[in-house]
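Novice: Structure in structure tokens, see below.
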Amino acid sequence: MRNVVGIAIFVASAGACFACAPAPLATKFSGNPDAGVSGAAGASPDAGAAGSGATTGIGGAGGVATGFGGTPIPDECRGHDIDIPSATLSGALSINGVPATADPNTRMLLRNGVSDLVEIPFAGASYSVRLAPGTYDLFFSATGPTVLAPANRFARLHSGIVITANNTTTLDVDVRETIVSGVITINGAALAVDDTVDLSLRNAAGDTVPLAAASTGSYTARVVPVTFDLTYTSRVVAAGSATPTNQLARIASGITIAATPAATLDVDVPSVTVSGSIAIGGVAAGPTNRGKVFLRNAAGDVVRIAVANVASYTARVVPGSYDLYFTGTEDAYSVTNQNTLLRTGVVVGGTGTTALDVQVPAATVEGIMHIDGEPPAATDSAHLVLRNTAGDYAQIPWNMDGQYVVHVVPGTYDLFYAKDNTVQSSTPANQLARLRAGVVVAPTGTTTLDIDITSTLVMGALTINGVPAAAGNSGIVSLRSADGDRVTIANTARATYATRVVPGTYDLYYTRTASPTNTMTEAPANHAARLRTGVVIAPGAMTVLDVDIPSTTVSGTITVNGAAAGAGDFGTLLLQSAAGDFGTFAFTNAGTYTARLIPGTYELYFSNAGSVGDTTPMNTFSRLRCFGVP
């Protein structure tokens with residue numbers, strides 16, 4: 001018997017892919033949206049079969065500048081010389097009226113919108129920072145243990161700070177703090193020996209204060225005074241201890257920390273017993289019938305109440321209302337589901353013992369997998385998983401003959417396929433291909449699920465501006481579906497490609513994988529450029545898909561407040577399109593730039609990665625203007 005190689009790798013990557021969504025550009029501009037997906041397999045030097053390439057639509061009638069696909073570029077977006085506006089904010093810095101001292105774990109943050117931040121380190125009793133013009137909110141933020149400053153991670157100090165271009169604004173900042181201390185008890189009694197717990201304060205504005213970390217019963221913390229909820233987390237709980245094992249239990253709401261020098265906040269954590277039996281498919285849990293049982297609530301709390309390798313359990317829990325979940329294993333009599341919701345609205349009372357028997361339904365799914373009508377080979381890295389709309393998923397491991405017999409919680413699922421592209425094989429390269437929808441696993445009897453994973457050989461020529469791709473053009477071409485599937489089909493260092501793909505309808509994307517400032521090759525700097533939509537890969541032996549990647553050279557000067565940028569003016573220039581494309585294309589300390597980009601209309605952003613420039617602002621993601629590439 002042979003199990004699928006790397007099934008754990010698939011589960012991790014599938015969990016990420018199922019929830020794939022573009023990250024904010026400020027956190028991903030230097031990343032690769034297809035990271036972890038290896039290049040096209042089976043590329044053939046003889047794969048240049050005839051077929052129509054992508055039309056670029058560059059240029060327009062009457063001298064009107066147009067982008068990719070013929071979209072007109074507005075006049076205000078056509079200029080390629082870039083000016084970065086910069087201003088200064090400075091002032092005195094104190095804590096409770098006492099001049100601040102340097103602290104490497106303490107900073108202020110200016111935020112303009114969701115993604116743009118400017119960091120102001122605590123370097124002494126005054127500060128000065130370069131930043132882009134705009135309106136900001138000011139926050140205090142500790143990044144670790146502090147000496148004299150508060151422990152708040154994101155405390156709002158001021159709102160609506162207006163910074164004007166090429167000007168100096170003075171803002172003296174006094175950070176108010178209260179020293180909060182107290183003792184921690186469980187049901188009125190001291191923590192058991194060796195037990196450690198955490199306490200934190202949290203509010204709706206996004207601030208978090210680590211009030212107590214790995215405490216054995218007492219704590220002291222510095223807090224910016226405001227109103228919070230109090231949460232509890234267990235760290236170490238000894239066997240037989242009354243300490244509950246919750247990971248984010250809300251103990252109290254609406255706690256106001258007054259603006260006084262010191263305050264006392266004693267915390268008593270309620271704890272009750274939950275106990276019951278555990279059975280999977282009617283069979284009492286045991287060494288070959290294992291899993292884990294969790295309680296969860298909408299506030300984000302999770303408490304593991306049992307490791308189901310015995311027929312009964314007892315756990316300590318903070319009283320409240322929870323949902324009951326189960327995670328199975330590949331044991332012979334367990335289920336392979338990894339996130340099964342068993343019950344909602346489980347009330348754990350404030351006194352006595354709550355009886356909670358855990359009954360996990362199980363049904364048998366069996367069948368055989370073929371790939372293009374043939375049994376899988378030993379090197380085929382094909383992974384199958386069932387997933388439902390509630391977020392549960394069940395792996396289907398198969399043996400060396402492609403056969404499988406697994407136990408699954410009854411219900412309705414969709415069936416997905418993914419390939420581990422770290423293993424070379426001729427299986428289709430899809431990462432999340434939906435094979436079937438509405439697969440019903442009946443609660444009784446055996447559900448037969450025979451699978452033939454069909455694929456089409458997608459092949460063709462790869463050109464950049466009509467010129468065959470060649471070595472040095474570091475990038476990939478991929479297909480993406482509305483279901484979140486991704487298939488890397490080609491490497492831009494080769495003039496032809498051939499890759500096996502599950503039939504379906506996809507959009508075609510290009511991603512640069514080399515340094516964005518490398519202009520020695522034709523490959524543009526874009527990281528998520530959609531070249532075509534509605535590409536149909538039909539069932540059959542082969543689909544010819546020639547791909548042409550448009551690429552235009554743009555160049556210009558870089559100035560700061562109208563003056564030429566110098567060698568010390570550090571920063572990066574980025575583009576983002578309305579369709580989700582993005583890319584870094586220039587560094588600001590060169591004074592000029594040349595870049596290769598796909599035609600279109602973009603938003604132009606400036607980002608300083610942390611190096612203090614001579615005159616450039618310290619913003620992480622500052623919008624400059626629109627930017628057109630003809």
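Ligands are numbered from 1 in the order shown, residues from 1 within each chain, and chains are lettered A, B, ... in the order they appear in the structure tokens.
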Using only C-alpha atoms, find each residue of region 318-339 of chain A with at least one atom at most 10 Å away from an atom of region 251-264 of chain A; report its shortest atom-to-atom pair and that distance in Å (one decimal), sort the rows by chain and rising residue number, and return the result as JSON lines.
Specialist:
```
{"residue": "A:Val318", "atom": "CA", "partner": "A:Ile251", "partner_atom": "CA", "distance": 8.4}
{"residue": "A:Pro319", "atom": "CA", "partner": "A:Ile251", "partner_atom": "CA", "distance": 9.5}
{"residue": "A:Gly320", "atom": "CA", "partner": "A:Ile251", "partner_atom": "CA", "distance": 10.0}
```
Novice: Export, as a PDB file, in the first residue's frame, the selected residues with N, CA, C and O atoms.
Specialist:
```pdb
ATOM      1  N   VAL A 318     -14.017  28.113  30.489  1.00  0.00           N
ATOM      2  CA  VAL A 318     -14.700  29.327  30.911  1.00  0.00           C
ATOM      3  C   VAL A 318     -16.167  29.221  30.487  1.00  0.00           C
ATOM      4  O   VAL A 318     -16.450  28.894  29.329  1.00  0.00           O
ATOM      5  N   PRO A 319     -17.124  29.468  31.389  1.00  0.00           N
ATOM      6  CA  PRO A 319     -18.539  29.363  30.999  1.00  0.00           C
ATOM      7  C   PRO A 319     -18.883  30.266  29.820  1.00  0.00           C
ATOM      8  O   PRO A 319     -18.291  31.337  29.640  1.00  0.00           O
ATOM      9  N   GLY A 320     -19.836  29.815  29.012  1.00  0.00           N
ATOM     10  CA  GLY A 320     -20.243  30.602  27.853  1.00  0.00           C
ATOM     11  C   GLY A 320     -20.944  29.747  26.825  1.00  0.00           C
ATOM     12  O   GLY A 320     -21.243  28.571  27.066  1.00  0.00           O
TER      13      GLY A 320
END
```
Novice: I want to know what sits within 10 Å of Ala590 (chain A), based on only C-alpha atoms, with residues of the same chain fewer than 2 positions away left out; could you give that as a ChimeraX atom specification?
Specialist: /A:557-558,564-571,586-588,592-593
Novice: Pull all heavy atoms from the residues just selected and write them as a compact mmCIF listing (two decimals), in the first residue's frame.
Specialist:
```txt
# COMPACT_ATOMS: atom_id res chain seq x y z
N THR A 557 12.29 61.24 -14.87
CA THR A 557 13.10 61.75 -13.76
C THR A 557 12.33 61.54 -12.46
O THR A 557 11.10 61.39 -12.44
CB THR A 557 13.40 63.23 -13.93
OG1 THR A 557 12.17 63.96 -13.96
CG2 THR A 557 14.17 63.48 -15.23
N ILE A 558 13.08 61.53 -11.35
CA ILE A 558 12.48 61.41 -10.02
C ILE A 558 12.92 62.63 -9.21
O ILE A 558 14.12 62.88 -9.05
CB ILE A 558 12.92 60.11 -9.32
CG1 ILE A 558 12.51 58.90 -10.15
CG2 ILE A 558 12.30 60.03 -7.93
CD1 ILE A 558 13.07 57.59 -9.62
N ALA A 564 15.83 67.49 -7.65
CA ALA A 564 16.31 66.17 -8.08
C ALA A 564 16.57 65.26 -6.89
O ALA A 564 17.19 65.68 -5.90
CB ALA A 564 17.58 66.33 -8.91
N ALA A 565 16.09 64.03 -6.96
CA ALA A 565 16.35 63.06 -5.91
C ALA A 565 17.83 62.68 -5.91
O ALA A 565 18.43 62.52 -6.98
CB ALA A 565 15.49 61.82 -6.10
N GLY A 566 18.38 62.54 -4.71
CA GLY A 566 19.79 62.22 -4.59
C GLY A 566 20.01 60.79 -4.17
O GLY A 566 19.06 60.01 -3.96
N ALA A 567 21.29 60.42 -4.01
CA ALA A 567 21.64 59.04 -3.66
C ALA A 567 21.10 58.64 -2.30
O ALA A 567 20.90 57.45 -2.03
CB ALA A 567 23.17 58.89 -3.69
N GLY A 568 20.84 59.61 -1.42
CA GLY A 568 20.32 59.29 -0.09
C GLY A 568 18.82 59.30 0.01
O GLY A 568 18.27 59.09 1.10
N ASP A 569 18.14 59.52 -1.09
CA ASP A 569 16.67 59.57 -1.07
C ASP A 569 16.09 58.20 -1.35
O ASP A 569 15.67 57.87 -2.46
CB ASP A 569 16.17 60.59 -2.10
CG ASP A 569 16.42 62.02 -1.66
OD1 ASP A 569 16.24 62.30 -0.46
OD2 ASP A 569 16.82 62.84 -2.50
N PHE A 570 16.06 57.38 -0.31
CA PHE A 570 15.67 55.99 -0.46
C PHE A 570 14.16 55.85 -0.61
O PHE A 570 13.39 56.58 -0.01
CB PHE A 570 16.13 55.18 0.74
CG PHE A 570 17.60 55.25 1.00
CD1 PHE A 570 18.08 55.92 2.11
CD2 PHE A 570 18.50 54.67 0.12
CE1 PHE A 570 19.44 56.00 2.36
CE2 PHE A 570 19.86 54.74 0.36
CZ PHE A 570 20.33 55.41 1.47
N GLY A 571 13.74 54.87 -1.38
CA GLY A 571 12.33 54.54 -1.53
C GLY A 571 12.10 53.72 -2.78
O GLY A 571 13.01 53.50 -3.59
N ALA A 586 10.88 50.87 -9.78
CA ALA A 586 12.01 51.79 -9.71
C ALA A 586 12.36 52.10 -8.27
O ALA A 586 11.49 52.05 -7.38
CB ALA A 586 11.70 53.09 -10.45
N PHE A 587 13.65 52.41 -8.04
CA PHE A 587 14.11 52.91 -6.76
C PHE A 587 14.37 54.41 -6.90
O PHE A 587 14.89 54.88 -7.92
CB PHE A 587 15.37 52.18 -6.31
CG PHE A 587 15.15 50.71 -6.08
CD1 PHE A 587 15.81 49.76 -6.85
CD2 PHE A 587 14.27 50.28 -5.11
CE1 PHE A 587 15.60 48.41 -6.64
CE2 PHE A 587 14.04 48.93 -4.90
CZ PHE A 587 14.71 47.99 -5.68
N THR A 588 14.02 55.16 -5.86
CA THR A 588 14.00 56.62 -6.00
C THR A 588 15.37 57.27 -5.89
O THR A 588 15.53 58.42 -6.31
CB THR A 588 13.07 57.23 -4.93
OG1 THR A 588 13.52 56.81 -3.64
CG2 THR A 588 11.64 56.76 -5.15
N THR A 592 16.70 59.06 -11.76
CA THR A 592 15.99 58.75 -13.00
C THR A 592 15.65 57.26 -12.98
O THR A 592 16.18 56.49 -12.16
CB THR A 592 16.83 59.05 -14.25
OG1 THR A 592 18.02 58.23 -14.22
CG2 THR A 592 17.23 60.52 -14.29
N TYR A 593 14.79 56.85 -13.89
CA TYR A 593 14.43 55.43 -13.94
C TYR A 593 14.10 55.05 -15.37
O TYR A 593 13.72 55.88 -16.20
CB TYR A 593 13.24 55.13 -13.03
CG TYR A 593 11.93 55.61 -13.60
CD1 TYR A 593 11.11 54.76 -14.35
CD2 TYR A 593 11.51 56.93 -13.41
CE1 TYR A 593 9.93 55.22 -14.91
CE2 TYR A 593 10.33 57.38 -13.96
CZ TYR A 593 9.53 56.53 -14.70
OH TYR A 593 8.36 56.98 -15.25
```
Novice: With DSSP run on the backbone, what are the strand (DSSP E) residues within region 165-374 of chain A? I'd like them as a PyMOL selection string.
Specialist: chain A and resi 168-170+173-175+178-186+189-190+196-202+208-215+218-223+227-236+249-256+262-264+267-269+272-280+283-284+291-296+302-307+312-317+320-328+340-348+353-355+358-360+363-371
Novice: Considering only C-alpha atoms, state which residue in the set A:Asp548, A:Thr456, A:Ser426, A:Tyr417 is at the smallest distance from Ala469 (chain A).
Specialist: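 Closest to Ala469 (chain A), using only C-alpha atoms: A:Asp548.
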Novice: Report, in Å with one decimal, the straight-line distance from CA of Met459 (chain A) to CA of Val547 (chain A).
Specialist: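 The value is 9.7 Å.
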Novice: Under the rule that only C-alpha atoms are counted, which of A:Thr216, A:Ile82, A:Arg222, A:His370 is the nearest residue to Pro145 (chain A)?
Specialist: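 Smallest distance to Pro145 (chain A) is found for A:Arg222.
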Novice: Pick out the residues sitting within 8 Å of Thr101 (chain A), and hand them over as a PyMOL selection string; count only C-alpha atoms, and ignore anything fewer than 3 positions along from it in its own chain.
Specialist: chain A and resi 122-125
